[in-house]
Amino acid sequence: MKVSVIGTGYVGLVTGATLADLGNQVVCLDILEEKINTLNSGKSPIYEPGLDELLKQGLKNKNLRGSTEIEQNIRNSDITFICVGTPSDKNGNIDLSYIKSASSAIGRALRDKNEKHTVIVKSTVVPLTTEEVVMPNILKKSGWKRENLGIGMNPEFLREGSAIHDAQNPDRIVIGSADDIARETLNELYSPYKCTKLECSPRTAELIKYASNSFLATKISFVNEIANMSNVWGIDFQEVAEGMGLDSRISAEFLRAGAGFGGSCFPKDVKALAAAAKKSKVESLMLKATLEVNDIQPKIIVKMTEERLGVVKGKKIAILGLAFKPDTDDVRESRSEIVVRELMEKGANVIAHDPEGMPNFKEIIDVKMAPTPELATEKADCVIIMTEWNVYKNLDLELLLERMNGNVLIDGRRALDSNLADKVGFDYKTIGLG
């Protein structure tokens with residue numbers, strides 16, 4: 001099948017590369033020539049394990065290419081995926097400007113096309129967007145009759161850091177179709193996958209995506225509240241989580257206490273769903289609480305640091321981990337941003353390290369960076385682990401303590417063995433360990 005993908009961000013690149021790997025003829029489209037040139041050289045503009053290799057393979061067998069010729073390539077394809085960003089505005093509302101721009105480009109491209117065409121929204125959008133924004137915009141710009149246009153919504157369920165695996169081994173595929181054209185096209189495209197395929201309306205597919213992310217975010221904030229109680233009552237939350245996870249209705253997934261969730265999905269999606277609900281006069285107290293708890297968690301890390309150092313002003317504090325999770329360079333809504341900013345405001349001498357996220361983080365905060373964890377922690381009064389990269393989990397704690405001036409170790413992700421840290425001589429503190 002001939003596939004065009006609008007947007008070469010995280011979702012667009014993974015979608016394009018994995019569909020090309022299935023044997024489809026895929027063209028990834030973007031207005032930024034630099035990103036397309038990078039793609040066509042076999043390099044991914046973002047860090048995602050396995051993506052570079054898949055891009056090179058697609059380019060080599062000529063199943064994949066990038067282009068800035070948007071309208072021409074849309075017209076020459078059978079199906080177009082909209083994979084553009086849907087950021088939040090200052091009030092948490094979804095910004096649909098990129099969606100509107102993409103649908104207008106599709107409409108213009110289809111003016112001179114006689115065959116039927118399918119358009120699938122893969123970007124995360126609030127319910128009714130596909131039917132009430134995308135479809136009317138395309139029909140208006142193209143002058144087409146509705147029966148020639150297949151419209152659908154097919155949400156992605158990709159985890160940054162394991163997106164290639166998730167795309168190639170989906171646990172479910174949601175086919176939100178507004179018509180038979182879209183339903184049949186998506187079923188044909190995804191026929192190689194033998195997982196459950198749920199057919200529904202586009203608005204249902206849109207809400208499935210938001211509900212899934214919001215539930216997982218709520219689960220994280222709930223266990224963080226319980227972990228905060230554990231701190232006060234002298235309980236190890238890890239044991240509590242083990243007991244909870246043994247209940248099959250709960251499971252052990254997403255029961256890890258820490259500094260909270262970040263990234264491009266959970267914070268944005270919870271805010272957007274809450275804002276959309278408010279517009280429709282639906283109260284969403286749980287979503288509001290989920291966000292409030294998440295904002296508290298990094299502040300607890302700062303408080304722990306102050307309690308152990310007494311005064312942070314003038315103290316050298318090493319932050320290990322800037323990406324919101326390991327195996328990605330994504331620093332959007334990173335909890336490290338809050339911790340770094342607050343410590344710097346309090347006069348601390350902050351120096352940071354991350355295996356992949358330093359260039360992106362530098363665009364947010366002008367903080368001192370070190371090329372290695374060893375250099376970051378040299379003569380430090382305190383070390384704070386904010387991302388559970390393997391390089392931090394495998395640190396030689398005895399050598400770390402020897403390099404430092406002090407012995408304060410704050411583990412924002414429970415990445416280390418607390419008993420070992422205590423045995424080595426650290427003043428070790430983490431969330432959920434009383």
# chains A, B, ... in the order shown; residues from 1 in each chain; ligands from 1

$ residues_around --residues "region 205-211 of chain A" --least-positions-apart "4" --cutoff "8 Å" --atoms "only C-alpha atoms" --output "NGL selection string"
:A and (124-128 or 153-157 or 174-176 or 200-201 or 215 or 269-270 or 273)

$ write_last_selection --atoms "C-alpha atoms" --output "mmCIF file, in the first residue's frame"
data_model
loop_
_atom_site.group_PDB
_atom_site.id
_atom_site.type_symbol
_atom_site.label_atom_id
_atom_site.label_comp_id
_atom_site.auth_asym_id
_atom_site.auth_seq_id
_atom_site.Cartn_x
_atom_site.Cartn_y
_atom_site.Cartn_z
ATOM 1 C CA THR A 124 -3.774 12.475 19.968
ATOM 2 C CA VAL A 125 -6.865 14.664 19.677
ATOM 3 C CA VAL A 126 -9.897 15.236 21.901
ATOM 4 C CA PRO A 127 -13.205 13.527 20.976
ATOM 5 C CA LEU A 128 -15.039 14.898 17.916
ATOM 6 C CA MET A 153 -8.807 7.768 13.879
ATOM 7 C CA ASN A 154 -6.137 5.208 14.801
ATOM 8 C CA PRO A 155 -4.429 6.089 18.094
ATOM 9 C CA GLU A 156 -0.885 5.016 18.888
ATOM 10 C CA PHE A 157 0.062 3.277 22.114
ATOM 11 C CA VAL A 174 -7.989 0.535 17.666
ATOM 12 C CA ILE A 175 -9.664 1.196 14.312
ATOM 13 C CA GLY A 176 -11.871 4.239 14.651
ATOM 14 C CA CYS A 200 -15.332 1.711 16.760
ATOM 15 C CA SER A 201 -16.201 5.302 15.839
ATOM 16 C CA PHE A 215 -5.695 6.148 33.815
ATOM 17 C CA ASP A 269 -3.166 14.407 27.609
ATOM 18 C CA VAL A 270 -4.460 14.626 31.176
ATOM 19 C CA LEU A 273 -8.937 15.787 28.648
#

$ select_by_dssp --residues "region 144-370 of chain A" --states "helix (DSSP H, G or I)" --output "VMD selection string"
chain A and resid 146 to 148 163 to 168 180 to 189 202 to 233 237 to 245 266 to 279 285 to 309 335 to 345 358 to 362

$ write_last_selection --atoms "C-alpha atoms" --output "short mmCIF file (atom, residue, chain, number, x, y, z; two decimals), in the first residue's frame"
data_model
loop_
_atom_site.label_atom_id
_atom_site.label_comp_id
_atom_site.auth_asym_id
_atom_site.auth_seq_id
_atom_site.Cartn_x
_atom_site.Cartn_y
_atom_site.Cartn_z
CA ARG A 146 -18.12 12.74 1.22
CA GLU A 147 -18.43 9.28 -0.37
CA ASN A 148 -14.93 9.55 -1.92
CA ALA A 163 8.39 2.35 20.56
CA ILE A 164 9.70 0.10 17.78
CA HIS A 165 8.90 -3.02 19.79
CA ASP A 166 5.45 -1.66 20.68
CA ALA A 167 4.64 -0.78 17.07
CA GLN A 168 5.76 -4.17 15.77
CA ASP A 180 -16.36 1.55 5.24
CA ILE A 181 -13.47 3.00 3.22
CA ALA A 182 -11.42 3.79 6.32
CA ARG A 183 -12.40 0.58 8.10
CA GLU A 184 -11.47 -1.67 5.18
CA THR A 185 -8.25 0.22 4.44
CA LEU A 186 -7.00 0.01 8.03
CA ASN A 187 -7.91 -3.66 8.33
CA GLU A 188 -5.95 -4.38 5.15
CA LEU A 189 -2.97 -2.30 6.28
CA PRO A 202 -13.48 7.96 15.57
CA ARG A 203 -14.73 9.75 18.68
CA THR A 204 -14.56 6.50 20.66
CA ALA A 205 -11.00 5.89 19.45
CA GLU A 206 -10.05 9.43 20.48
CA LEU A 207 -11.38 8.90 24.00
CA ILE A 208 -9.78 5.45 24.32
CA LYS A 209 -6.38 7.10 23.83
CA TYR A 210 -7.00 9.82 26.41
CA ALA A 211 -8.66 7.48 28.88
CA SER A 212 -5.75 5.01 28.66
CA ASN A 213 -3.07 7.63 29.25
CA SER A 214 -5.05 9.41 31.96
CA PHE A 215 -5.70 6.15 33.81
CA LEU A 216 -1.99 5.26 33.81
CA ALA A 217 -1.11 8.78 34.96
CA THR A 218 -3.72 8.53 37.73
CA LYS A 219 -2.24 5.20 38.81
CA ILE A 220 1.20 6.82 39.12
CA SER A 221 -0.09 9.76 41.15
CA PHE A 222 -2.12 7.46 43.41
CA VAL A 223 0.88 5.29 44.31
CA ASN A 224 2.99 8.41 44.85
CA GLU A 225 0.48 9.64 47.41
CA ILE A 226 0.66 6.25 49.17
CA ALA A 227 4.46 6.41 48.97
CA ASN A 228 4.42 9.85 50.59
CA MET A 229 2.37 8.38 53.45
CA SER A 230 4.90 5.55 53.69
CA ASN A 231 7.68 8.11 54.20
CA VAL A 232 5.89 9.52 57.25
CA TRP A 233 4.86 6.20 58.79
CA PHE A 237 6.40 1.43 49.85
CA GLN A 238 8.09 -1.18 47.68
CA GLU A 239 6.61 -3.85 49.93
CA VAL A 240 3.23 -2.16 49.75
CA ALA A 241 3.43 -2.12 45.95
CA GLU A 242 4.30 -5.82 45.93
CA GLY A 243 1.24 -6.60 47.99
CA MET A 244 -0.99 -4.44 45.79
CA GLY A 245 0.41 -5.87 42.56
CA PHE A 266 0.72 11.90 30.07
CA PRO A 267 0.89 15.54 31.30
CA LYS A 268 -0.41 16.98 28.02
CA ASP A 269 -3.17 14.41 27.61
CA VAL A 270 -4.46 14.63 31.18
CA LYS A 271 -4.59 18.43 30.90
CA ALA A 272 -6.31 18.30 27.51
CA LEU A 273 -8.94 15.79 28.65
CA ALA A 274 -9.64 17.79 31.80
CA ALA A 275 -9.92 21.01 29.77
CA ALA A 276 -12.21 19.36 27.20
CA ALA A 277 -14.40 17.97 29.98
CA LYS A 278 -14.62 21.42 31.58
CA LYS A 279 -15.72 22.94 28.27
CA LEU A 285 -11.85 15.92 40.04
CA MET A 286 -9.65 12.83 39.61
CA LEU A 287 -7.79 14.29 36.64
CA LYS A 288 -7.22 17.53 38.53
CA ALA A 289 -5.88 15.62 41.54
CA THR A 290 -3.65 13.50 39.30
CA LEU A 291 -1.93 16.64 37.98
CA GLU A 292 -1.68 18.27 41.42
CA VAL A 293 0.02 15.23 42.97
CA ASN A 294 2.40 15.06 40.01
CA ASP A 295 3.41 18.68 40.58
CA ILE A 296 4.12 17.95 44.26
CA GLN A 297 6.51 15.03 43.73
CA PRO A 298 9.60 16.89 42.40
CA LYS A 299 9.18 19.47 45.17
CA ILE A 300 9.50 16.63 47.68
CA ILE A 301 12.89 15.81 46.12
CA VAL A 302 14.00 19.41 46.71
CA LYS A 303 12.68 19.30 50.29
CA MET A 304 14.60 16.06 50.96
CA THR A 305 17.77 17.76 49.70
CA GLU A 306 17.28 20.78 51.94
CA GLU A 307 16.56 18.61 54.98
CA ARG A 308 19.84 16.75 54.54
CA LEU A 309 22.11 19.62 53.51
CA ARG A 335 10.48 16.31 36.59
CA SER A 336 14.16 17.23 36.50
CA GLU A 337 13.23 20.64 35.14
CA ILE A 338 11.37 21.52 38.34
CA VAL A 339 14.12 20.17 40.60
CA VAL A 340 16.93 21.92 38.71
CA ARG A 341 15.06 25.21 38.50
CA GLU A 342 14.17 25.28 42.22
CA LEU A 343 17.67 24.35 43.35
CA MET A 344 19.23 27.01 41.14
CA GLU A 345 16.77 29.61 42.44
CA MET A 358 21.48 17.18 27.62
CA PRO A 359 21.15 19.08 24.30
CA ASN A 360 17.35 19.23 24.58
CA PHE A 361 17.45 20.19 28.27
CA LYS A 362 19.90 22.99 27.53
#

$ closest_atom_pairs --of "region 275-368 of chain A" --to "region 36-60 of chain A" --cutoff "10 Å" --atoms "only C-alpha atoms" --output "CSV"
residue,atom,partner,partner_atom,distance
A:Asp327,CA,A:Glu48,CA,6.8
A:Thr328,CA,A:Tyr47,CA,5.6
A:Asp329,CA,A:Tyr47,CA,5.6
A:Asp330,CA,A:Tyr47,CA,8.1
A:Glu356,CA,A:Tyr47,CA,7.4
A:Gly357,CA,A:Tyr47,CA,9.0

$ write_last_selection --atoms "C-alpha atoms" --output "CSV table (one decimal), in the first residue's frame"
chain,number,residue,atom,x,y,z
A,327,ASP,CA,16.1,5.3,26.6
A,328,THR,CA,14.9,8.6,25.3
A,329,ASP,CA,16.1,12.2,24.7
A,330,ASP,CA,12.7,13.6,25.4
A,356,GLU,CA,21.0,11.5,25.7
A,357,GLY,CA,18.9,14.5,27.0

$ closest_residue --among "A:His117, A:Arg172, A:Arg111, A:Arg75" --to "Ser142 (chain A)" --atoms "only C-alpha atoms"
A:Arg111

$ residues_around --residues "region 375-389 of chain A" --least-positions-apart "4" --cutoff "8 Å" --atoms "only C-alpha atoms" --output "VMD selection string"
chain A and resid 259 305 309 315 to 327 335 to 336 351 to 353 369 to 371 393 400 403 to 415

$ select_by_dssp --residues "region 132-344 of chain A" --states "strand (DSSP E or B)" --output "PDB file with N, CA and C atoms, in the first residue's frame"
ATOM      1  N   LEU A 149     -14.191  10.020   0.338  1.00  0.00           N
ATOM      2  CA  LEU A 149     -13.192  10.215   1.386  1.00  0.00           C
ATOM      3  C   LEU A 149     -13.377   9.237   2.535  1.00  0.00           C
ATOM      4  N   GLY A 150     -12.337   8.483   2.826  1.00  0.00           N
ATOM      5  CA  GLY A 150     -12.337   7.621   4.013  1.00  0.00           C
ATOM      6  C   GLY A 150     -11.710   8.379   5.169  1.00  0.00           C
ATOM      7  N   ILE A 151     -12.406   8.410   6.295  1.00  0.00           N
ATOM      8  CA  ILE A 151     -11.923   9.156   7.456  1.00  0.00           C
ATOM      9  C   ILE A 151     -11.899   8.228   8.669  1.00  0.00           C
ATOM     10  N   GLY A 152     -10.789   8.315   9.415  1.00  0.00           N
ATOM     11  CA  GLY A 152     -10.698   7.491  10.608  1.00  0.00           C
ATOM     12  C   GLY A 152      -9.714   8.041  11.620  1.00  0.00           C
ATOM     13  N   MET A 153      -9.722   7.407  12.801  1.00  0.00           N
ATOM     14  CA  MET A 153      -8.807   7.768  13.879  1.00  0.00           C
ATOM     15  C   MET A 153      -8.190   6.479  14.413  1.00  0.00           C
ATOM     16  N   ARG A 172      -2.995  -4.275  21.091  1.00  0.00           N
ATOM     17  CA  ARG A 172      -4.297  -4.059  20.455  1.00  0.00           C
ATOM     18  C   ARG A 172      -4.168  -2.963  19.417  1.00  0.00           C
ATOM     19  N   ILE A 173      -5.044  -2.974  18.444  1.00  0.00           N
ATOM     20  CA  ILE A 173      -5.107  -1.921  17.435  1.00  0.00           C
ATOM     21  C   ILE A 173      -6.538  -1.391  17.433  1.00  0.00           C
ATOM     22  N   VAL A 174      -6.666  -0.097  17.637  1.00  0.00           N
ATOM     23  CA  VAL A 174      -7.989   0.535  17.666  1.00  0.00           C
ATOM     24  C   VAL A 174      -8.252   1.181  16.310  1.00  0.00           C
ATOM     25  N   ILE A 175      -9.292   0.697  15.642  1.00  0.00           N
ATOM     26  CA  ILE A 175      -9.664   1.196  14.312  1.00  0.00           C
ATOM     27  C   ILE A 175     -10.936   2.022  14.445  1.00  0.00           C
ATOM     28  N   GLY A 176     -10.726   3.328  14.544  1.00  0.00           N
ATOM     29  CA  GLY A 176     -11.871   4.239  14.651  1.00  0.00           C
ATOM     30  C   GLY A 176     -12.231   4.759  13.270  1.00  0.00           C
ATOM     31  N   SER A 177     -13.252   4.187  12.666  1.00  0.00           N
ATOM     32  CA  SER A 177     -13.601   4.548  11.285  1.00  0.00           C
ATOM     33  C   SER A 177     -14.965   5.224  11.207  1.00  0.00           C
ATOM     34  N   THR A 196      -5.659  -8.261  18.903  1.00  0.00           N
ATOM     35  CA  THR A 196      -7.061  -7.828  18.898  1.00  0.00           C
ATOM     36  C   THR A 196      -7.193  -6.507  18.157  1.00  0.00           C
ATOM     37  N   LYS A 197      -8.174  -6.439  17.276  1.00  0.00           N
ATOM     38  CA  LYS A 197      -8.456  -5.193  16.550  1.00  0.00           C
ATOM     39  C   LYS A 197      -9.865  -4.756  16.933  1.00  0.00           C
ATOM     40  N   LEU A 198      -9.933  -3.622  17.591  1.00  0.00           N
ATOM     41  CA  LEU A 198     -11.214  -3.085  18.052  1.00  0.00           C
ATOM     42  C   LEU A 198     -11.722  -2.065  17.051  1.00  0.00           C
ATOM     43  N   GLU A 199     -12.894  -2.310  16.480  1.00  0.00           N
ATOM     44  CA  GLU A 199     -13.515  -1.370  15.542  1.00  0.00           C
ATOM     45  C   GLU A 199     -14.528  -0.516  16.288  1.00  0.00           C
ATOM     46  N   CYS A 200     -14.450   0.780  16.057  1.00  0.00           N
ATOM     47  CA  CYS A 200     -15.332   1.711  16.760  1.00  0.00           C
ATOM     48  C   CYS A 200     -15.432   2.995  15.954  1.00  0.00           C
ATOM     49  N   ASP A 236       8.205   0.833  53.988  1.00  0.00           N
ATOM     50  CA  ASP A 236       8.835   0.741  52.671  1.00  0.00           C
ATOM     51  C   ASP A 236       7.735   0.521  51.640  1.00  0.00           C
ATOM     52  N   LYS A 316      27.361  22.163  45.926  1.00  0.00           N
ATOM     53  CA  LYS A 316      27.390  21.542  44.600  1.00  0.00           C
ATOM     54  C   LYS A 316      26.460  20.333  44.602  1.00  0.00           C
ATOM     55  N   ILE A 317      25.478  20.381  43.732  1.00  0.00           N
ATOM     56  CA  ILE A 317      24.492  19.309  43.643  1.00  0.00           C
ATOM     57  C   ILE A 317      24.494  18.742  42.227  1.00  0.00           C
ATOM     58  N   ALA A 318      24.743  17.449  42.116  1.00  0.00           N
ATOM     59  CA  ALA A 318      24.775  16.781  40.810  1.00  0.00           C
ATOM     60  C   ALA A 318      23.420  16.135  40.529  1.00  0.00           C
ATOM     61  N   ILE A 319      22.859  16.461  39.386  1.00  0.00           N
ATOM     62  CA  ILE A 319      21.594  15.870  38.944  1.00  0.00           C
ATOM     63  C   ILE A 319      21.916  14.833  37.871  1.00  0.00           C
ATOM     64  N   LEU A 320      21.613  13.578  38.138  1.00  0.00           N
ATOM     65  CA  LEU A 320      21.846  12.508  37.177  1.00  0.00           C
ATOM     66  C   LEU A 320      20.510  12.117  36.552  1.00  0.00           C
TER      67      LEU A 320
END

$ residues_around --residues "region 66-74 of chain A" --least-positions-apart "2" --cutoff "7 Å" --atoms "only C-alpha atoms" --output "list in words"
Ser4, Val27, Cys28, Leu29, Asp30, Ile31, Glu33, Ile36, Leu39, Asn40, Asn76, Ser77, Thr80, Ala105, Ile106 and Ala109 of chain A

$ atom_distance --atom1 "CA of Val84 (chain A)" --atom2 "CA of Ser162 (chain A)"
20.1 Å

$ atom_distance --atom1 "CA of Val282 (chain A)" --atom2 "CA of Asn137 (chain A)"
27.5 Å

$ atom_distance --atom1 "CA of Arg256 (chain A)" --atom2 "CA of Thr430 (chain A)"
11.8 Å

$ residues_around --residues "Glu398 (chain A)" --least-positions-apart "6" --cutoff "10 Å" --atoms "only C-alpha atoms" --output "ChimeraX atom specification"
/A:420-421,423-426

$ decode --residues "region 396-434 of chain A" --atoms "N, CA and C atoms" --output "compact mmCIF listing (two decimals), in the first residue's frame"
# COMPACT_ATOMS: atom_id res chain seq x y z
N ASP A 396 29.21 2.40 40.64
CA ASP A 396 29.99 1.86 41.75
C ASP A 396 29.84 2.84 42.91
N LEU A 397 29.03 2.49 43.90
CA LEU A 397 28.69 3.42 44.97
C LEU A 397 29.90 3.77 45.84
N GLU A 398 30.82 2.84 46.02
CA GLU A 398 32.01 3.14 46.82
C GLU A 398 32.87 4.21 46.14
N LEU A 399 33.05 4.06 44.82
CA LEU A 399 33.82 5.06 44.07
C LEU A 399 33.08 6.39 44.02
N LEU A 400 31.74 6.34 43.93
CA LEU A 400 30.94 7.56 43.92
C LEU A 400 31.15 8.34 45.21
N LEU A 401 31.09 7.63 46.33
CA LEU A 401 31.26 8.29 47.63
C LEU A 401 32.66 8.89 47.76
N GLU A 402 33.66 8.19 47.24
CA GLU A 402 35.04 8.71 47.30
C GLU A 402 35.19 10.01 46.50
N ARG A 403 34.46 10.12 45.39
CA ARG A 403 34.55 11.32 44.53
C ARG A 403 33.88 12.53 45.16
N MET A 404 32.87 12.28 45.98
CA MET A 404 32.05 13.38 46.51
C MET A 404 32.69 14.07 47.70
N ASN A 405 32.24 15.31 47.95
CA ASN A 405 32.60 16.02 49.18
C ASN A 405 31.72 15.56 50.33
N GLY A 406 30.43 15.38 50.01
CA GLY A 406 29.47 14.95 51.02
C GLY A 406 29.06 13.51 50.82
N ASN A 407 27.94 13.13 51.47
CA ASN A 407 27.47 11.75 51.34
C ASN A 407 25.96 11.66 51.14
N VAL A 408 25.35 12.79 50.73
CA VAL A 408 23.89 12.80 50.55
C VAL A 408 23.54 12.27 49.17
N LEU A 409 22.70 11.26 49.14
CA LEU A 409 22.26 10.63 47.89
C LEU A 409 20.74 10.55 47.89
N ILE A 410 20.12 11.32 47.00
CA ILE A 410 18.66 11.34 46.88
C ILE A 410 18.30 10.57 45.62
N ASP A 411 17.51 9.52 45.79
CA ASP A 411 17.14 8.65 44.68
C ASP A 411 15.70 8.92 44.29
N GLY A 412 15.52 9.78 43.27
CA GLY A 412 14.17 10.17 42.85
C GLY A 412 13.41 9.12 42.09
N ARG A 413 14.07 8.00 41.78
CA ARG A 413 13.40 6.94 41.00
C ARG A 413 13.55 5.55 41.62
N ARG A 414 14.05 5.49 42.84
CA ARG A 414 14.29 4.21 43.51
C ARG A 414 15.08 3.28 42.59
N ALA A 415 16.12 3.85 42.00
CA ALA A 415 16.94 3.11 41.03
C ALA A 415 17.99 2.24 41.71
N LEU A 416 18.34 2.57 42.96
CA LEU A 416 19.44 1.90 43.65
C LEU A 416 18.96 0.99 44.76
N ASP A 417 19.85 0.13 45.21
CA ASP A 417 19.60 -0.74 46.36
C ASP A 417 19.83 0.09 47.62
N SER A 418 18.78 0.38 48.35
CA SER A 418 18.87 1.24 49.53
C SER A 418 19.77 0.64 50.60
N ASN A 419 19.72 -0.67 50.78
CA ASN A 419 20.56 -1.32 51.80
C ASN A 419 22.04 -1.18 51.46
N LEU A 420 22.37 -1.33 50.16
CA LEU A 420 23.76 -1.18 49.73
C LEU A 420 24.23 0.25 49.91
N ALA A 421 23.36 1.21 49.56
CA ALA A 421 23.73 2.62 49.71
C ALA A 421 23.99 2.97 51.18
N ASP A 422 23.18 2.45 52.08
CA ASP A 422 23.39 2.68 53.51
C ASP A 422 24.68 2.02 53.98
N LYS A 423 24.94 0.81 53.52
CA LYS A 423 26.13 0.05 53.92
C LYS A 423 27.41 0.77 53.49
N VAL A 424 27.38 1.36 52.28
CA VAL A 424 28.56 2.07 51.76
C VAL A 424 28.85 3.32 52.59
N GLY A 425 27.78 3.91 53.16
CA GLY A 425 27.98 5.10 53.98
C GLY A 425 27.23 6.33 53.52
N PHE A 426 26.31 6.16 52.60
CA PHE A 426 25.54 7.30 52.11
C PHE A 426 24.42 7.67 53.08
N ASP A 427 24.12 8.94 53.12
CA ASP A 427 22.87 9.41 53.72
C ASP A 427 21.84 9.32 52.61
N TYR A 428 21.21 8.18 52.51
CA TYR A 428 20.35 7.84 51.35
C TYR A 428 18.89 8.12 51.68
N LYS A 429 18.20 8.74 50.72
CA LYS A 429 16.78 9.01 50.90
C LYS A 429 16.07 8.86 49.57
N THR A 430 14.90 8.26 49.61
CA THR A 430 14.09 8.10 48.42
C THR A 430 12.63 8.22 48.77
N ILE A 431 11.77 8.41 47.78
CA ILE A 431 10.33 8.52 48.02
C ILE A 431 9.76 7.13 48.32
N GLY A 432 9.01 7.04 49.41
CA GLY A 432 8.35 5.79 49.75
C GLY A 432 9.18 4.86 50.60
N LEU A 433 10.24 5.39 51.24
CA LEU A 433 11.06 4.57 52.13
C LEU A 433 11.14 5.30 53.47
N GLY A 434 10.36 4.83 54.44
CA GLY A 434 10.25 5.53 55.72
C GLY A 434 11.54 5.50 56.53
